[in-house]
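This report refers to the structure that appears directly beneath it.
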Amino acid sequence: MKFNDGFWLLKNGVKPFYGLQVVQATVEDNGYNLQVSTRPIRHRGDTLGGPVLSVRVHSPTQGVVGVKIDHFSHTEPSPDIPLFPDAKPVPDVSVERRKSHLSLSTGGLTAEITEKPYTITFKSPTRTLTFAGEKHQALFDVPSRWTLNSASNSSCLTMDPASNPAAAPLPPVVRYINSELNLSPGELVYGFGEQFGAFVKNGQAMKIWNQDGGTSSEQAYKCVPFYITNRNYGVFINHPGEVEVEVGSEKVSRVGVSVAGSSLEYFLIYGETPLAILEKYTRITGRPALLPSWSYGLWLSTSFLTDYSSATVSSFLQGMQERDCPVRVFHLDCFWMKQYEWCSFTFDPDKFPDPKSYLAEIKQKYGVKICLWINPYISQLSPVFKEGVEGGFFIKRTDGTPWQWDLWQPGLAVVDVTNPAACKWYTDKLSALLDMGVDAFKTDFGERIPHASVVFHDGSDPMRVHNAYSVIYNELVFDLLRRRFGEGEAIVFARSSAAGGQRFPVHWGGDCESTWEAMAEALRGCLSLTLSGFAYASHDIGGFEGHPPPEIYQRWVAFGLFSSHSRLHGSSSYRVPWNYGEDAAKSMSRFVEAKHRLMPYIYNLSIQANVKGHPIQRAMFLEFLDDRTTHYLDRQYMLGPSLLVAPVFVAKEEQTEYYVPAGRWTSFFYPERTVQGPVWIKELVPIDEIPVWVRPGSILCLGPRDVGRPDYDYSQDLEVQLYELAEGHTVETDIPRGKGAAIAGTVRAQRTFGEIRVTVVDAEISRISVFSGGTTIKGVVGGVLGTGPGTRILVEKGAKEVVIRVG
């Protein structure tokens, strides 16, 4: 929300109450409770009247300082964002009252509070991170006419008036709480969930309010009130409803956060590295669940507006099998149900006369898991609509009737996820589908949740439910799958989410066009999402809207198969590769094979995501914070710490351009090719290629060739690949088994005195590949090898230690 007219003046009619001085400070529970006046206090007469801000400065866990600003003190309405849902806080705080200021310290982070004027400065051991200066915290009374761009006063503008009548008139004035933090020269801001606009958020006004707006607008499906900076801190705004953020877009050297209401809380999170910040943030809001290994294989969809039946499905799967593009998950999109009846949770009998037998047949014949499209909306033409009305399972208007509208389905109603009986009714419908052989659900929608003139079963504030609905909805389905199949075997394919939703993966980017620009949008959305606590990200390979030209399709296939999860899906056309030429099928086969072989590495990353909250697809600066060039890169990424992936966003006759940080990097596909960074590379990339580079000092464990699936025992028949291991350095990696979080063994490599010693514990390796562009591999103790910068070494099965001579 912008309150100012320029820097010096306020908008006409806006009345401010700035927090000016601390009039009382007490220590309680290792934090400070402050009373902050909004007028200068010169004598007792100035204490008559207010407002007075009640400010709590505390540390909920190590390395985190919370600031809670209250105006009117009362119980906050529900729902809240669950804090520490699966990891306990780490207590670590000390408070000290000094002559010049109050001090609170935790995990290398210190908050210093001055009382007159009232300020808070946040410091690391080496520098000031940011500060809330004089007049940086305030109440603003805003005439309603200025709030038309906020959800609190726009419901009548964005909803069908026939289905969602305007809310009761607002009072003439809306009160906001606002807090600002300083932006230093060179400081960059990222995150806020899945945002498709410019990767660096400086200069943007961000609205934390989920909307179904595609990938080509300022709207987003997954809005998260969290941002991270390149200055060793992040900020989590602990508010589930609409949050408006001005990232240097009102006052160019400040990030301003405002909410309509009486309370605002934020947590400033310090970390020596960006990954350390994400680790602390996900401790607060939740860690991503561990996903089944089969989910990393290729997903194929029937697409949306296409015609399909059991015969069509079989032809797709057969064609993929014949072209060595094995499908691991087959997804049936909306029209598995009859038109106008979504959701009925019943297979269309005209297209699938015996769905249980049919699902069993294709699962057995093609080795696939089955995913079904669902959403939380029930058409009034659905055979289960009457059950929902009679049971009181839908969101209601204030007059007690179900809220309905005609967008998407005729007279649809929305399941009230705050009603336990409605949740049981909904999951019972899904359980019947699991009994038929379904393995996963695509939990679509969840953004168009009414917030005006409606009531929820548990009395929750509709403004606060709007974003939170997506998390509750996905948790409902995810937990059903987890109960049915066990820990580590549940997955949803979700579009909407909010803070804490990373616990219920996986999420895909929503409806994008089939263009170069949309492919870049998908990557920006992915990187912003994985900078906001989410570990996994996917997208519609080839784009959703339209029919991609073969060249865009092939480039997107490469990008998609070097994403955490890979799904072929479109709107009005199929995404099977032969529709784009047989060459497309050949290159797809190669990339599917590469992903299968990389699964010991990728699955180990998923364990780290579950334990530490580290994302799989990572913005470059997460790994290279000291390299300032990486801070702006949004068309390439790291897949884990070791692989640099640079998708191609230009036609084949144009050069692509990407950046390689310092060190000698090795091509993953062509290890005889190395490059010395830092360097910008411009090159023509063949249509069936994607630049993938291995970071120096890496150890990769690859599975066997032609394994044909992503889920296998990762501890058997491994190829250990060592890249540019420097003298005196040691590198080690865990070997997952591939089911659950169990670690089967480890591989350790150490280079000293001209020898590389590879030690294997509880794993079986069959090959060691050593890539060292500046060194000749001379041989293995006890055997003679060919020489060269990259040498593959066959080792005796079951070998536990191999010593390699280098020169």
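Residues are named by chain letter and number: chains run A, B, ... in the order of the structure tokens, numbers start at 1 in each chain, and ligands are numbered from 1 in the order shown.
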Give me every strand (DSSP E) residue in region 135-263 of chain A, going by DSSP on the backbone, as a VMD selection string. chain A and resid 137 to 143 173 to 182 189 to 193 205 to 208 223 to 229 233 to 237 243 to 247 254 to 260 263
For region 595-606 of chain A, list every protein, DNA or RNA residue within 6 Å, evaluated using only C-alpha atoms, and leave out those in the same chain fewer than 3 positions away; present the list as number ranges by chain. A: 592, 609, 702-703, 710, 714, 736
Can I get the selection written as a PDB file, in the first residue's frame, with N, CA and C atoms?
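Result file is selection37.pdb:
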ATOM      1  N   VAL A 592      15.559 -38.402 -20.544  1.00  0.00           N
ATOM      2  CA  VAL A 592      14.934 -39.267 -19.540  1.00  0.00           C
ATOM      3  C   VAL A 592      15.978 -40.214 -18.957  1.00  0.00           C
ATOM      4  N   ALA A 609      16.364 -31.691   1.371  1.00  0.00           N
ATOM      5  CA  ALA A 609      15.218 -30.779   1.404  1.00  0.00           C
ATOM      6  C   ALA A 609      14.343 -31.069   2.607  1.00  0.00           C
ATOM      7  N   LEU A 702      26.174 -41.989 -10.185  1.00  0.00           N
ATOM      8  CA  LEU A 702      25.174 -42.258 -11.214  1.00  0.00           C
ATOM      9  C   LEU A 702      24.744 -43.711 -11.151  1.00  0.00           C
ATOM     10  N   GLY A 703      23.467 -43.928 -11.419  1.00  0.00           N
ATOM     11  CA  GLY A 703      22.948 -45.276 -11.492  1.00  0.00           C
ATOM     12  C   GLY A 703      23.312 -45.952 -12.803  1.00  0.00           C
ATOM     13  N   PRO A 710      12.945 -44.386 -12.600  1.00  0.00           N
ATOM     14  CA  PRO A 710      13.683 -43.597 -11.611  1.00  0.00           C
ATOM     15  C   PRO A 710      13.808 -44.265 -10.253  1.00  0.00           C
ATOM     16  N   TYR A 714      19.548 -47.386  -5.280  1.00  0.00           N
ATOM     17  CA  TYR A 714      20.620 -46.482  -5.679  1.00  0.00           C
ATOM     18  C   TYR A 714      21.984 -46.883  -5.121  1.00  0.00           C
ATOM     19  N   PRO A 736      21.757 -42.713  -1.002  1.00  0.00           N
ATOM     20  CA  PRO A 736      20.443 -43.123  -0.500  1.00  0.00           C
ATOM     21  C   PRO A 736      20.068 -44.485  -1.045  1.00  0.00           C
TER      22      PRO A 736
END
For Phe621 (chain A), which residue among A:Tyr190, A:Tyr670, A:Tyr377, A:Phe226 is the nearest when counting only C-alpha atoms?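 Smallest distance to Phe621 (chain A) is found for A:Tyr190.
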The residue from A:Lys222, A:Lys201, A:Arg664, A:His569 with the smallest atom-to-atom distance to Leu332 (chain A), counting only C-alpha atoms, is A:His569
Name the residues in contact with Pro40 (chain A) at a cut-off of 9 Å, using only C-alpha atoms, excluding same-chain residues fewer than 3 positions from it; report them as a VMD selection string. chain A and resid 20 to 21 37 46
Find the spatial neighbours of Ser59 (chain A), counting only C-alpha atoms, within a cut-off of 9 Å - ignore same-chain residues fewer than 3 positions away - and output them as a compact mmCIF listing (two decimals) with all heavy atoms, in the first residue's frame.
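Saved file around13.txt follows:
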# COMPACT_ATOMS: atom_id res chain seq x y z
N ASN A 30 12.68 -13.45 27.89
CA ASN A 30 13.86 -13.20 27.07
C ASN A 30 13.57 -12.36 25.84
O ASN A 30 14.12 -12.57 24.76
CB ASN A 30 14.52 -14.53 26.65
CG ASN A 30 15.15 -15.24 27.83
OD1 ASN A 30 15.67 -14.60 28.73
ND2 ASN A 30 15.09 -16.56 27.83
N GLY A 31 12.70 -11.41 26.00
CA GLY A 31 12.41 -10.45 24.94
C GLY A 31 11.96 -9.16 25.57
O GLY A 31 11.85 -9.04 26.80
N GLN A 62 16.83 -19.71 17.19
CA GLN A 62 18.19 -19.20 17.00
C GLN A 62 18.36 -18.47 15.67
O GLN A 62 17.94 -18.95 14.62
CB GLN A 62 19.18 -20.37 17.07
CG GLN A 62 20.64 -19.97 17.07
CD GLN A 62 21.53 -21.19 17.20
OE1 GLN A 62 21.58 -22.03 16.32
NE2 GLN A 62 22.23 -21.28 18.32
N GLY A 63 18.97 -17.27 15.74
CA GLY A 63 19.25 -16.51 14.54
C GLY A 63 18.07 -15.77 13.97
O GLY A 63 18.13 -15.27 12.84
N VAL A 64 16.98 -15.66 14.75
CA VAL A 64 15.75 -15.03 14.27
C VAL A 64 15.26 -14.05 15.32
O VAL A 64 15.18 -14.39 16.51
CB VAL A 64 14.65 -16.07 13.98
CG1 VAL A 64 13.37 -15.40 13.49
CG2 VAL A 64 15.14 -17.10 12.96
N VAL A 65 14.91 -12.85 14.89
CA VAL A 65 14.30 -11.86 15.78
C VAL A 65 12.92 -11.52 15.24
O VAL A 65 12.75 -11.19 14.06
CB VAL A 65 15.15 -10.58 15.88
CG1 VAL A 65 14.39 -9.47 16.62
CG2 VAL A 65 16.46 -10.87 16.61
N GLY A 66 11.92 -11.61 16.11
CA GLY A 66 10.56 -11.27 15.75
C GLY A 66 10.18 -9.91 16.28
O GLY A 66 10.58 -9.52 17.38
N VAL A 67 9.41 -9.17 15.48
CA VAL A 67 8.89 -7.87 15.88
C VAL A 67 7.38 -7.91 15.66
O VAL A 67 6.92 -8.07 14.52
CB VAL A 67 9.52 -6.72 15.07
CG1 VAL A 67 8.90 -5.38 15.49
CG2 VAL A 67 11.03 -6.70 15.27
N PRO A 91 16.15 -22.61 21.19
CA PRO A 91 16.24 -21.42 22.05
C PRO A 91 17.69 -20.93 22.13
O PRO A 91 18.62 -21.71 22.31
CB PRO A 91 15.76 -21.94 23.42
CG PRO A 91 15.09 -23.25 23.15
CD PRO A 91 15.75 -23.81 21.93
N ASP A 92 17.86 -19.62 21.98
CA ASP A 92 19.20 -19.04 22.06
C ASP A 92 19.04 -17.52 22.02
O ASP A 92 19.03 -16.93 20.94
CB ASP A 92 20.07 -19.52 20.91
CG ASP A 92 21.42 -18.80 20.87
OD1 ASP A 92 21.89 -18.38 21.93
OD2 ASP A 92 21.98 -18.66 19.77
N VAL A 93 18.90 -16.89 23.17
CA VAL A 93 18.69 -15.45 23.17
C VAL A 93 19.23 -14.86 24.46
O VAL A 93 19.17 -15.48 25.52
CB VAL A 93 17.18 -15.11 23.01
CG1 VAL A 93 16.35 -15.65 24.15
CG2 VAL A 93 16.98 -13.60 22.87
N LEU A 104 19.15 -7.24 22.04
CA LEU A 104 18.71 -8.64 22.03
C LEU A 104 19.56 -9.38 21.02
O LEU A 104 19.67 -8.95 19.87
CB LEU A 104 17.22 -8.73 21.67
CG LEU A 104 16.58 -10.12 21.67
CD1 LEU A 104 15.10 -10.03 22.05
CD2 LEU A 104 16.70 -10.79 20.31
N SER A 105 20.20 -10.48 21.44
CA SER A 105 21.12 -11.21 20.56
C SER A 105 20.75 -12.68 20.50
O SER A 105 20.35 -13.28 21.51
CB SER A 105 22.57 -11.07 21.06
OG SER A 105 22.98 -9.73 21.03
N THR A 106 20.90 -13.25 19.30
CA THR A 106 20.61 -14.67 19.09
C THR A 106 21.32 -15.16 17.84
O THR A 106 21.17 -14.57 16.76
CB THR A 106 19.10 -14.93 18.95
OG1 THR A 106 18.89 -16.29 18.56
CG2 THR A 106 18.45 -14.01 17.93
N PHE A 267 9.42 -11.65 11.15
CA PHE A 267 10.62 -12.27 11.69
C PHE A 267 11.78 -11.94 10.77
O PHE A 267 11.71 -12.23 9.56
CB PHE A 267 10.47 -13.79 11.80
CG PHE A 267 9.38 -14.23 12.75
CD1 PHE A 267 8.23 -14.81 12.27
CD2 PHE A 267 9.53 -14.07 14.11
CE1 PHE A 267 7.22 -15.22 13.13
CE2 PHE A 267 8.53 -14.48 14.98
CZ PHE A 267 7.38 -15.05 14.49
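Distance-wise, CA of Arg567 (chain A) and CA of Trp299 (chain A) end up 4.4 Å apart.
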Would you kindly return, as a compact mmCIF listing (two decimals) with all heavy atoms, in the first residue's frame, each protein, DNA or RNA residue with an atom no farther than 10 Å from any atom of Ser431 (chain A), considering only C-alpha atoms and excluding same-chain residues fewer than 6 positions away?
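Everything below was put into result_31.txt:
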# COMPACT_ATOMS: atom_id res chain seq x y z
N TRP A 425 -16.09 -35.96 4.26
CA TRP A 425 -16.90 -36.24 3.07
C TRP A 425 -16.04 -36.19 1.81
O TRP A 425 -16.10 -37.09 0.96
CB TRP A 425 -18.03 -35.22 3.01
CG TRP A 425 -18.88 -35.27 1.78
CD1 TRP A 425 -19.86 -36.19 1.49
CD2 TRP A 425 -18.87 -34.35 0.69
NE1 TRP A 425 -20.45 -35.90 0.27
CE2 TRP A 425 -19.86 -34.77 -0.24
CE3 TRP A 425 -18.12 -33.20 0.41
CZ2 TRP A 425 -20.11 -34.09 -1.43
CZ3 TRP A 425 -18.37 -32.51 -0.78
CH2 TRP A 425 -19.35 -32.95 -1.68
N VAL A 438 -5.91 -45.65 -7.97
CA VAL A 438 -5.28 -44.33 -8.16
C VAL A 438 -4.17 -44.16 -7.13
O VAL A 438 -4.29 -44.60 -5.99
CB VAL A 438 -6.34 -43.22 -8.03
CG1 VAL A 438 -5.70 -41.84 -8.03
CG2 VAL A 438 -7.37 -43.35 -9.15
N VAL A 477 -5.50 -33.50 1.22
CA VAL A 477 -5.30 -34.57 0.24
C VAL A 477 -3.98 -35.28 0.48
O VAL A 477 -3.90 -36.52 0.40
CB VAL A 477 -5.37 -33.99 -1.20
CG1 VAL A 477 -5.18 -35.10 -2.22
CG2 VAL A 477 -6.71 -33.29 -1.43
N LEU A 480 -4.21 -37.71 3.34
CA LEU A 480 -4.95 -38.91 2.94
C LEU A 480 -4.01 -39.89 2.25
O LEU A 480 -4.00 -41.10 2.56
CB LEU A 480 -6.11 -38.54 2.02
CG LEU A 480 -6.81 -39.71 1.33
CD1 LEU A 480 -7.56 -40.56 2.34
CD2 LEU A 480 -7.74 -39.22 0.23
N LEU A 481 -3.22 -39.39 1.31
CA LEU A 481 -2.29 -40.25 0.58
C LEU A 481 -1.22 -40.80 1.51
O LEU A 481 -0.80 -41.97 1.40
CB LEU A 481 -1.64 -39.46 -0.56
CG LEU A 481 -2.60 -39.02 -1.67
CD1 LEU A 481 -1.95 -37.97 -2.56
CD2 LEU A 481 -3.06 -40.21 -2.50
N ARG A 484 -2.64 -43.60 3.52
CA ARG A 484 -2.89 -44.79 2.70
C ARG A 484 -1.59 -45.50 2.31
O ARG A 484 -1.49 -46.73 2.39
CB ARG A 484 -3.67 -44.39 1.45
CG ARG A 484 -3.88 -45.53 0.44
CD ARG A 484 -4.75 -46.65 1.02
NE ARG A 484 -6.12 -46.23 1.22
CZ ARG A 484 -7.11 -46.49 0.37
NH1 ARG A 484 -6.88 -47.19 -0.74
NH2 ARG A 484 -8.33 -46.09 0.65
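With distances restricted to only C-alpha atoms, A:Gln195 is the closest residue to Gly213 (chain A) from A:Gln195, A:His101, A:His729, A:Gly186.
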For region 86-90 of chain A: contacts at 12 Å, only C-alpha atoms, fewer than 2 positions along chain excluded, given as a PyMOL selection string: chain A and resi 59-64+82-84+92-93+106-107+279-289+500+503+610-613
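The closest residue to Gly446 (chain A), picked from A:Asn210, A:Thr418, A:Gln35, A:Ser179 and counting only C-alpha atoms, is A:Asn210.
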Counting only C-alpha atoms, the option among A:Ile378, A:Leu305, A:Leu317, A:Ile362 closest to Cys334 (chain A):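 For Cys334 (chain A), the nearest of the given residues is A:Leu305.
Using only C-alpha atoms, the nearest neighbour of Tyr266 (chain A) within the list A:Lys429, A:His547, A:Lys135, A:His239 is A:His239.
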Exercise: Pro678 (chain A) partners within 7 Å, only C-alpha atoms, chain neighbours under 3 positions left out, as number ranges by chain: A: 660-663
Return as a ChimeraX atom specification the full set of residues in region 234-444 of chain A whose backbone-based DSSP assignment is helix (DSSP H, G or I). /A:274-285,293-296,310-322,334-336,355-366,385-391,420-435
